[in-house]
Amino acid sequence: MSMTSSLLGRSAAELISVDKRFFSSCVPLDKLLGEGLSSGHILELSGPPGTAKETLATRFACNAVSSNDQVLFVDMQNMASPASLHSELRSRNLPDTGLDLVHYLNIFTLPDFLAFLYNLPLFLEAHPSIRLVILNSIWFPFHTSPGLKSFTRSSLLAHLKQVLARLCSSFDISVVITTQLATKLLTPDGSPANFDTGSRAVLVPQLGGDYLPPHRTYRVLIVPETRTSGVLRLLSSPRCDREDVMPDEPYEMDGNTMGPCKS
């Protein structure tokens, strides 16, 4: 099918959605993304445990539902349940029927995750109203396969990158990913090391960055500085070159809500 006939076959609502943006209800995060996550782009949100990653993912989903968009929400560690989605919807005075717009899946093992990736394009073709995909705790299925060889892991991550690129380019879907941090050992000159050669350790997103299409992806790290405050650090952006100085945005926590600093 040609591009022209493909566009003619799409509804007016689908054409308008090309410029759609999705919001987290967290002003500092939405600001880093250029006033929300635009359609056809990816957000990887990483941070230590307890840094509201799952809450932000849930709020992306609920904001999409409030705009009458369908969401595919895949939770891989039992960190964001349908009950938490329901609670967030009710807190916004949205009807309980909003959950009908959320396709919720639990996936815990790597074989199940690979089967999901294989079937995902067909699922999206069958559900064209899905505009946002959330992959919560994407690191966990890899973590449950400790014997995974380095070459196999790299091949699987390369396949994941292809799937994510297709979601953005062919389906014009936005993707929100949450992931845990891992310790990376470095030599004094900054090159990778092991326990024998390493002189320092840094925390980095668990899966690295090679699985993400760079021209479509925003990578944001949550850096807590106190129990109730910290910064959101933009690691990379499709709008910035590697040489650019990446901005930070300070945040404060009010309960489980992340927002701008009040002082």
# chains A, B, ... in the order shown; residues from 1 in each chain; ligands from 1

$ select_by_dssp --residues "region 2-141 of chain A" --states "alpha helix (DSSP H)" --output "count of residues only"
60

$ residues_around --residues "region 120-136 of chain A" --least-positions-apart "6" --cutoff "8 Å" --atoms "only C-alpha atoms" --output "list of chain:residue names"
A:Ser39, A:Glu54, A:Ala57, A:Ala61, A:Ala64, A:Asp69, A:Gln70, A:Val71, A:Leu72, A:Phe73, A:Val74, A:Asp75, A:Met76, A:Gln77, A:Met79, A:Ala80, A:Leu167, A:Asp172, A:Ile173, A:Ser174, A:Val175, A:Val176, A:Ile177, A:Thr178, A:Thr179

$ write_last_selection --atoms "C-alpha atoms" --output "mmCIF file, in the first residue's frame"
data_model
loop_
_atom_site.group_PDB
_atom_site.id
_atom_site.type_symbol
_atom_site.label_atom_id
_atom_site.label_comp_id
_atom_site.auth_asym_id
_atom_site.auth_seq_id
_atom_site.Cartn_x
_atom_site.Cartn_y
_atom_site.Cartn_z
ATOM 1 C CA SER A 39 3.505 10.460 19.534
ATOM 2 C CA GLU A 54 5.552 3.070 38.563
ATOM 3 C CA ALA A 57 3.846 5.258 34.418
ATOM 4 C CA ALA A 61 -1.802 5.755 31.372
ATOM 5 C CA ALA A 64 -4.231 8.924 28.099
ATOM 6 C CA ASP A 69 -7.051 6.919 24.172
ATOM 7 C CA GLN A 70 -6.514 3.209 24.636
ATOM 8 C CA VAL A 71 -3.416 2.000 26.502
ATOM 9 C CA LEU A 72 -1.523 -1.290 26.502
ATOM 10 C CA PHE A 73 -0.075 -1.609 30.019
ATOM 11 C CA VAL A 74 2.416 -4.458 30.505
ATOM 12 C CA ASP A 75 3.605 -4.977 34.075
ATOM 13 C CA MET A 76 6.567 -7.326 34.515
ATOM 14 C CA GLN A 77 7.124 -7.265 38.271
ATOM 15 C CA MET A 79 4.571 -3.202 40.625
ATOM 16 C CA ALA A 80 1.500 -1.584 39.047
ATOM 17 C CA LEU A 167 6.047 0.872 17.126
ATOM 18 C CA ASP A 172 3.042 6.199 15.552
ATOM 19 C CA ILE A 173 2.650 4.904 19.106
ATOM 20 C CA SER A 174 4.291 6.382 22.191
ATOM 21 C CA VAL A 175 6.090 4.078 24.623
ATOM 22 C CA VAL A 176 6.858 4.580 28.319
ATOM 23 C CA ILE A 177 9.434 2.195 29.807
ATOM 24 C CA THR A 178 10.445 1.900 33.455
ATOM 25 C CA THR A 179 13.614 0.120 34.513
#

$ residues_around --residues "Leu160 (chain A)" --least-positions-apart "4" --cutoff "9 Å" --atoms "only C-alpha atoms" --output "list in words"
Leu114, Leu117, Ser155, Leu156, Leu164, Ala165, Tyr211 and Leu212 of chain A

$ write_last_selection --atoms "all heavy atoms" --output "CSV table (one decimal), in the first residue's frame"
chain,number,residue,atom,x,y,z
A,114,LEU,N,9.4,-12.5,25.1
A,114,LEU,CA,9.7,-12.7,23.6
A,114,LEU,C,8.5,-13.1,22.8
A,114,LEU,O,8.3,-12.6,21.7
A,114,LEU,CB,10.8,-13.8,23.5
A,114,LEU,CG,12.2,-13.4,24.1
A,114,LEU,CD1,13.1,-14.6,24.0
A,114,LEU,CD2,12.8,-12.2,23.5
A,117,LEU,N,6.6,-9.9,22.3
A,117,LEU,CA,7.2,-9.0,21.3
A,117,LEU,C,6.8,-9.5,19.9
A,117,LEU,O,6.5,-8.8,19.0
A,117,LEU,CB,8.7,-8.9,21.4
A,117,LEU,CG,9.2,-8.2,22.7
A,117,LEU,CD1,10.7,-8.2,22.7
A,117,LEU,CD2,8.7,-6.7,22.7
A,155,SER,N,21.6,-10.1,21.3
A,155,SER,CA,20.7,-10.4,20.2
A,155,SER,C,19.3,-10.1,20.5
A,155,SER,O,18.6,-9.5,19.7
A,155,SER,CB,20.9,-11.8,19.7
A,155,SER,OG,22.2,-12.1,19.3
A,156,LEU,N,18.9,-10.4,21.8
A,156,LEU,CA,17.5,-10.2,22.2
A,156,LEU,C,17.3,-8.7,22.3
A,156,LEU,O,16.2,-8.2,22.0
A,156,LEU,CB,17.2,-10.9,23.5
A,156,LEU,CG,17.3,-12.4,23.5
A,156,LEU,CD1,17.0,-13.0,24.9
A,156,LEU,CD2,16.3,-13.0,22.5
A,164,LEU,N,10.7,-1.8,19.0
A,164,LEU,CA,10.3,-0.4,19.5
A,164,LEU,C,10.4,0.6,18.4
A,164,LEU,O,9.5,1.5,18.3
A,164,LEU,CB,11.3,0.0,20.6
A,164,LEU,CG,11.2,-0.8,21.9
A,164,LEU,CD1,12.4,-0.4,22.9
A,164,LEU,CD2,9.9,-0.6,22.6
A,165,ALA,N,11.4,0.4,17.5
A,165,ALA,CA,11.5,1.4,16.4
A,165,ALA,C,10.2,1.2,15.5
A,165,ALA,O,9.7,2.2,14.9
A,165,ALA,CB,12.7,1.1,15.6
A,211,TYR,N,19.3,-1.0,23.5
A,211,TYR,CA,18.0,-1.5,23.0
A,211,TYR,C,17.0,-0.4,22.6
A,211,TYR,O,15.9,-0.7,22.2
A,211,TYR,CB,17.4,-2.4,24.1
A,211,TYR,CG,16.7,-1.6,25.3
A,211,TYR,CD1,15.3,-1.4,25.3
A,211,TYR,CD2,17.5,-1.1,26.3
A,211,TYR,CE1,14.8,-0.7,26.3
A,211,TYR,CE2,16.9,-0.4,27.3
A,211,TYR,CZ,15.5,-0.2,27.4
A,211,TYR,OH,15.0,0.4,28.4
A,212,LEU,N,17.4,0.8,22.7
A,212,LEU,CA,16.5,2.0,22.4
A,212,LEU,C,16.9,2.6,21.1
A,212,LEU,O,18.1,2.9,20.9
A,212,LEU,CB,16.6,3.0,23.6
A,212,LEU,CG,16.1,2.4,25.0
A,212,LEU,CD1,16.6,3.4,26.1
A,212,LEU,CD2,14.6,2.3,25.0

$ closest_residue --among "A:Ser237, A:Thr97, A:Ser81, A:Thr58" --to "Gly34 (chain A)" --atoms "only C-alpha atoms"
A:Ser237

$ residues_around --residues "region 139-146 of chain A" --least-positions-apart "6" --cutoff "9 Å" --atoms "only C-alpha atoms" --output "list of chain:residue names"
A:Met76, A:Gln77, A:Ile107, A:Phe108, A:Thr109, A:Leu110, A:Pro111, A:Asp112, A:Phe113, A:Arg153, A:Thr178, A:Thr179, A:Gln180, A:Pro205, A:Gln206, A:Leu207

$ closest_residue --among "A:Leu105, A:Cys168, A:Leu89, A:Met258" --to "Ser25 (chain A)" --atoms "only C-alpha atoms"
A:Met258

$ closest_residue --among "A:Leu45, A:Leu94, A:Met253, A:Leu85" --to "Ser67 (chain A)" --atoms "only C-alpha atoms"
A:Leu94

$ residues_around --residues "Ser236 (chain A)" --least-positions-apart "2" --cutoff "10 Å" --atoms "only C-alpha atoms" --output "ChimeraX atom specification"
/A:44,209,214-215,217-221,233-234,238-242,244-247

$ write_last_selection --atoms "N, CA and C atoms" --output "mmCIF file, in the first residue's frame"
data_model
loop_
_atom_site.group_PDB
_atom_site.id
_atom_site.type_symbol
_atom_site.label_atom_id
_atom_site.label_comp_id
_atom_site.auth_asym_id
_atom_site.auth_seq_id
_atom_site.Cartn_x
_atom_site.Cartn_y
_atom_site.Cartn_z
ATOM 1 N N GLU A 44 12.343 6.305 28.432
ATOM 2 C CA GLU A 44 12.864 5.344 29.397
ATOM 3 C C GLU A 44 13.072 6.087 30.710
ATOM 4 N N GLY A 209 21.661 1.110 27.081
ATOM 5 C CA GLY A 209 20.886 1.942 26.168
ATOM 6 C C GLY A 209 20.817 1.427 24.753
ATOM 7 N N PRO A 214 17.836 5.576 19.205
ATOM 8 C CA PRO A 214 18.300 6.853 19.764
ATOM 9 C C PRO A 214 17.567 8.077 19.249
ATOM 10 N N HIS A 215 17.109 8.046 18.006
ATOM 11 C CA HIS A 215 16.455 9.227 17.441
ATOM 12 C C HIS A 215 14.977 9.319 17.824
ATOM 13 N N THR A 217 14.137 8.407 21.350
ATOM 14 C CA THR A 217 14.094 8.099 22.775
ATOM 15 C C THR A 217 14.587 9.229 23.666
ATOM 16 N N TYR A 218 13.810 9.472 24.726
ATOM 17 C CA TYR A 218 14.232 10.296 25.852
ATOM 18 C C TYR A 218 14.581 9.341 26.996
ATOM 19 N N ARG A 219 15.761 9.534 27.579
ATOM 20 C CA ARG A 219 16.164 8.721 28.726
ATOM 21 C C ARG A 219 16.282 9.643 29.938
ATOM 22 N N VAL A 220 15.498 9.361 30.965
ATOM 23 C CA VAL A 220 15.457 10.213 32.155
ATOM 24 C C VAL A 220 15.788 9.365 33.381
ATOM 25 N N LEU A 221 16.725 9.874 34.171
ATOM 26 C CA LEU A 221 17.141 9.205 35.406
ATOM 27 C C LEU A 221 16.622 9.982 36.605
ATOM 28 N N ARG A 233 17.179 13.812 35.681
ATOM 29 C CA ARG A 233 18.333 14.079 34.809
ATOM 30 C C ARG A 233 18.087 13.497 33.428
ATOM 31 N N LEU A 234 18.122 14.346 32.418
ATOM 32 C CA LEU A 234 17.961 13.904 31.041
ATOM 33 C C LEU A 234 19.287 13.316 30.571
ATOM 34 N N PRO A 238 16.234 12.860 21.647
ATOM 35 C CA PRO A 238 16.315 12.998 20.188
ATOM 36 C C PRO A 238 16.498 14.438 19.740
ATOM 37 N N ARG A 239 16.302 15.377 20.674
ATOM 38 C CA ARG A 239 16.455 16.801 20.333
ATOM 39 C C ARG A 239 17.850 17.332 20.636
ATOM 40 N N CYS A 240 18.704 16.503 21.269
ATOM 41 C CA CYS A 240 20.021 16.976 21.690
ATOM 42 C C CYS A 240 21.119 16.088 21.113
ATOM 43 N N ASP A 241 22.265 16.666 20.826
ATOM 44 C CA ASP A 241 23.444 15.920 20.416
ATOM 45 C C ASP A 241 24.162 15.395 21.654
ATOM 46 N N ARG A 242 25.010 14.387 21.434
ATOM 47 C CA ARG A 242 25.761 13.808 22.550
ATOM 48 C C ARG A 242 26.617 14.845 23.260
ATOM 49 N N ASP A 244 25.921 17.966 23.747
ATOM 50 C CA ASP A 244 25.143 18.977 24.462
ATOM 51 C C ASP A 244 25.122 18.692 25.964
ATOM 52 N N VAL A 245 25.044 19.743 26.742
ATOM 53 C CA VAL A 245 24.873 19.603 28.191
ATOM 54 C C VAL A 245 23.410 19.280 28.462
ATOM 55 N N MET A 246 23.172 18.124 29.062
ATOM 56 C CA MET A 246 21.801 17.689 29.319
ATOM 57 C C MET A 246 21.254 18.378 30.560
ATOM 58 N N PRO A 247 20.013 18.843 30.507
ATOM 59 C CA PRO A 247 19.456 19.579 31.642
ATOM 60 C C PRO A 247 18.975 18.679 32.773
#

$ select_by_dssp --residues "region 38-183 of chain A" --states "strand (DSSP E or B)" --output "compact mmCIF listing (two decimals) with N, CA and C atoms, in the first residue's frame"
# COMPACT_ATOMS: atom_id res chain seq x y z
N SER A 38 5.71 13.16 22.90
CA SER A 38 4.99 13.25 21.64
C SER A 38 4.79 11.86 21.03
N ILE A 42 9.68 7.51 22.59
CA ILE A 42 9.86 6.61 23.72
C ILE A 42 10.44 7.37 24.90
N LEU A 43 9.96 7.07 26.09
CA LEU A 43 10.56 7.55 27.32
C LEU A 43 11.04 6.35 28.12
N GLU A 44 12.34 6.30 28.43
CA GLU A 44 12.86 5.34 29.40
C GLU A 44 13.07 6.09 30.71
N LEU A 45 12.41 5.61 31.74
CA LEU A 45 12.45 6.23 33.06
C LEU A 45 13.13 5.25 34.02
N SER A 46 14.30 5.62 34.52
CA SER A 46 15.05 4.73 35.41
C SER A 46 15.32 5.42 36.74
N GLN A 70 -6.74 4.53 24.07
CA GLN A 70 -6.51 3.21 24.64
C GLN A 70 -5.03 3.02 24.95
N VAL A 71 -4.77 2.22 25.99
CA VAL A 71 -3.42 2.00 26.50
C VAL A 71 -3.17 0.50 26.62
N LEU A 72 -1.98 0.07 26.21
CA LEU A 72 -1.52 -1.29 26.50
C LEU A 72 -0.53 -1.18 27.65
N PHE A 73 -0.90 -1.71 28.81
CA PHE A 73 -0.07 -1.61 30.02
C PHE A 73 0.46 -3.01 30.36
N VAL A 74 1.78 -3.17 30.24
CA VAL A 74 2.42 -4.46 30.50
C VAL A 74 3.26 -4.33 31.76
N ASP A 75 2.87 -5.02 32.82
CA ASP A 75 3.61 -4.98 34.07
C ASP A 75 4.40 -6.28 34.22
N VAL A 102 -7.98 0.28 28.97
CA VAL A 102 -6.64 -0.22 29.31
C VAL A 102 -6.58 -1.72 29.07
N HIS A 103 -5.66 -2.14 28.23
CA HIS A 103 -5.37 -3.56 28.02
C HIS A 103 -4.20 -3.91 28.94
N TYR A 104 -4.47 -4.69 29.97
CA TYR A 104 -3.47 -4.95 31.01
C TYR A 104 -2.93 -6.38 30.89
N LEU A 105 -1.61 -6.50 30.94
CA LEU A 105 -0.95 -7.81 30.87
C LEU A 105 0.09 -7.93 31.97
N ASN A 106 0.26 -9.14 32.49
CA ASN A 106 1.38 -9.49 33.35
C ASN A 106 2.32 -10.41 32.59
N ILE A 130 -5.17 1.82 20.24
CA ILE A 130 -4.11 1.91 21.23
C ILE A 130 -3.09 2.95 20.77
N ARG A 131 -2.87 3.97 21.59
CA ARG A 131 -1.93 5.04 21.24
C ARG A 131 -0.72 5.09 22.17
N LEU A 132 -0.79 4.37 23.30
CA LEU A 132 0.30 4.40 24.28
C LEU A 132 0.56 2.99 24.77
N VAL A 133 1.84 2.60 24.78
CA VAL A 133 2.26 1.31 25.32
C VAL A 133 3.18 1.58 26.51
N ILE A 134 2.89 0.93 27.64
CA ILE A 134 3.72 1.07 28.83
C ILE A 134 4.34 -0.28 29.15
N LEU A 135 5.66 -0.31 29.23
CA LEU A 135 6.42 -1.51 29.57
C LEU A 135 7.04 -1.27 30.94
N ASN A 136 6.35 -1.72 31.97
CA ASN A 136 6.74 -1.43 33.34
C ASN A 136 7.69 -2.51 33.86
N SER A 174 3.35 5.96 21.16
CA SER A 174 4.29 6.38 22.19
C SER A 174 4.51 5.24 23.17
N VAL A 175 5.73 5.17 23.72
CA VAL A 175 6.09 4.08 24.62
C VAL A 175 6.73 4.67 25.88
N VAL A 176 6.25 4.22 27.04
CA VAL A 176 6.86 4.58 28.32
C VAL A 176 7.44 3.31 28.93
N ILE A 177 8.73 3.34 29.25
CA ILE A 177 9.43 2.19 29.81
C ILE A 177 9.97 2.57 31.18
N THR A 178 9.78 1.70 32.17
CA THR A 178 10.44 1.90 33.46
C THR A 178 11.45 0.77 33.66
N THR A 179 12.57 1.12 34.29
CA THR A 179 13.61 0.12 34.51
C THR A 179 14.38 0.43 35.78
N LEU A 181 18.02 0.23 38.18
CA LEU A 181 19.43 0.55 37.98
C LEU A 181 20.30 -0.66 38.33
N ALA A 182 21.48 -0.71 37.70
CA ALA A 182 22.46 -1.74 37.98
C ALA A 182 23.81 -1.08 38.24
N THR A 183 24.68 -1.79 38.94
CA THR A 183 26.02 -1.28 39.21
C THR A 183 26.97 -1.64 38.07

$ decode --residues "region 91-115 of chain A" --atoms "N, CA and C atoms" --output "compact mmCIF listing (two decimals), in the first residue's frame"
# COMPACT_ATOMS: atom_id res chain seq x y z
N SER A 91 -9.40 8.85 41.56
CA SER A 91 -8.91 10.09 42.16
C SER A 91 -9.08 11.28 41.22
N ARG A 92 -9.23 11.00 39.94
CA ARG A 92 -9.43 12.06 38.95
C ARG A 92 -10.90 12.21 38.57
N ASN A 93 -11.78 11.50 39.31
CA ASN A 93 -13.21 11.53 39.04
C ASN A 93 -13.54 11.03 37.64
N LEU A 94 -12.71 10.12 37.14
CA LEU A 94 -12.99 9.48 35.86
C LEU A 94 -13.87 8.26 36.11
N PRO A 95 -14.75 7.93 35.18
CA PRO A 95 -15.64 6.79 35.39
C PRO A 95 -14.87 5.47 35.44
N ASP A 96 -15.44 4.49 36.16
CA ASP A 96 -14.81 3.18 36.24
C ASP A 96 -14.66 2.54 34.87
N THR A 97 -15.49 2.95 33.93
CA THR A 97 -15.41 2.39 32.58
C THR A 97 -14.10 2.79 31.89
N GLY A 98 -13.35 3.73 32.49
CA GLY A 98 -12.05 4.10 31.92
C GLY A 98 -11.12 2.91 31.83
N LEU A 99 -11.27 1.96 32.77
CA LEU A 99 -10.42 0.76 32.73
C LEU A 99 -10.66 -0.05 31.47
N ASP A 100 -11.83 0.12 30.84
CA ASP A 100 -12.10 -0.60 29.59
C ASP A 100 -11.15 -0.15 28.48
N LEU A 101 -10.54 1.02 28.65
CA LEU A 101 -9.60 1.51 27.64
C LEU A 101 -8.17 1.03 27.87
N VAL A 102 -7.98 0.28 28.97
CA VAL A 102 -6.64 -0.22 29.31
C VAL A 102 -6.58 -1.72 29.07
N HIS A 103 -5.66 -2.14 28.23
CA HIS A 103 -5.37 -3.56 28.02
C HIS A 103 -4.20 -3.91 28.94
N TYR A 104 -4.47 -4.69 29.97
CA TYR A 104 -3.47 -4.95 31.01
C TYR A 104 -2.93 -6.38 30.89
N LEU A 105 -1.61 -6.50 30.94
CA LEU A 105 -0.95 -7.81 30.87
C LEU A 105 0.09 -7.93 31.97
N ASN A 106 0.26 -9.14 32.49
CA ASN A 106 1.38 -9.49 33.35
C ASN A 106 2.32 -10.41 32.59
N ILE A 107 3.59 -10.07 32.56
CA ILE A 107 4.62 -10.91 31.93
C ILE A 107 5.81 -10.92 32.87
N PHE A 108 6.26 -12.13 33.25
CA PHE A 108 7.34 -12.21 34.22
C PHE A 108 8.59 -12.92 33.69
N THR A 109 8.45 -13.78 32.70
CA THR A 109 9.59 -14.57 32.23
C THR A 109 10.06 -14.08 30.86
N LEU A 110 11.31 -14.35 30.56
CA LEU A 110 11.87 -13.92 29.28
C LEU A 110 11.20 -14.62 28.10
N PRO A 111 10.94 -15.93 28.14
CA PRO A 111 10.22 -16.55 27.02
C PRO A 111 8.85 -15.92 26.76
N ASP A 112 8.13 -15.59 27.83
CA ASP A 112 6.82 -14.94 27.66
C ASP A 112 6.98 -13.54 27.07
N PHE A 113 8.04 -12.84 27.47
CA PHE A 113 8.28 -11.50 26.93
C PHE A 113 8.62 -11.56 25.45
N LEU A 114 9.40 -12.55 25.05
CA LEU A 114 9.75 -12.70 23.63
C LEU A 114 8.51 -13.06 22.81
N ALA A 115 7.64 -13.91 23.36
CA ALA A 115 6.39 -14.24 22.67
C ALA A 115 5.52 -12.99 22.53
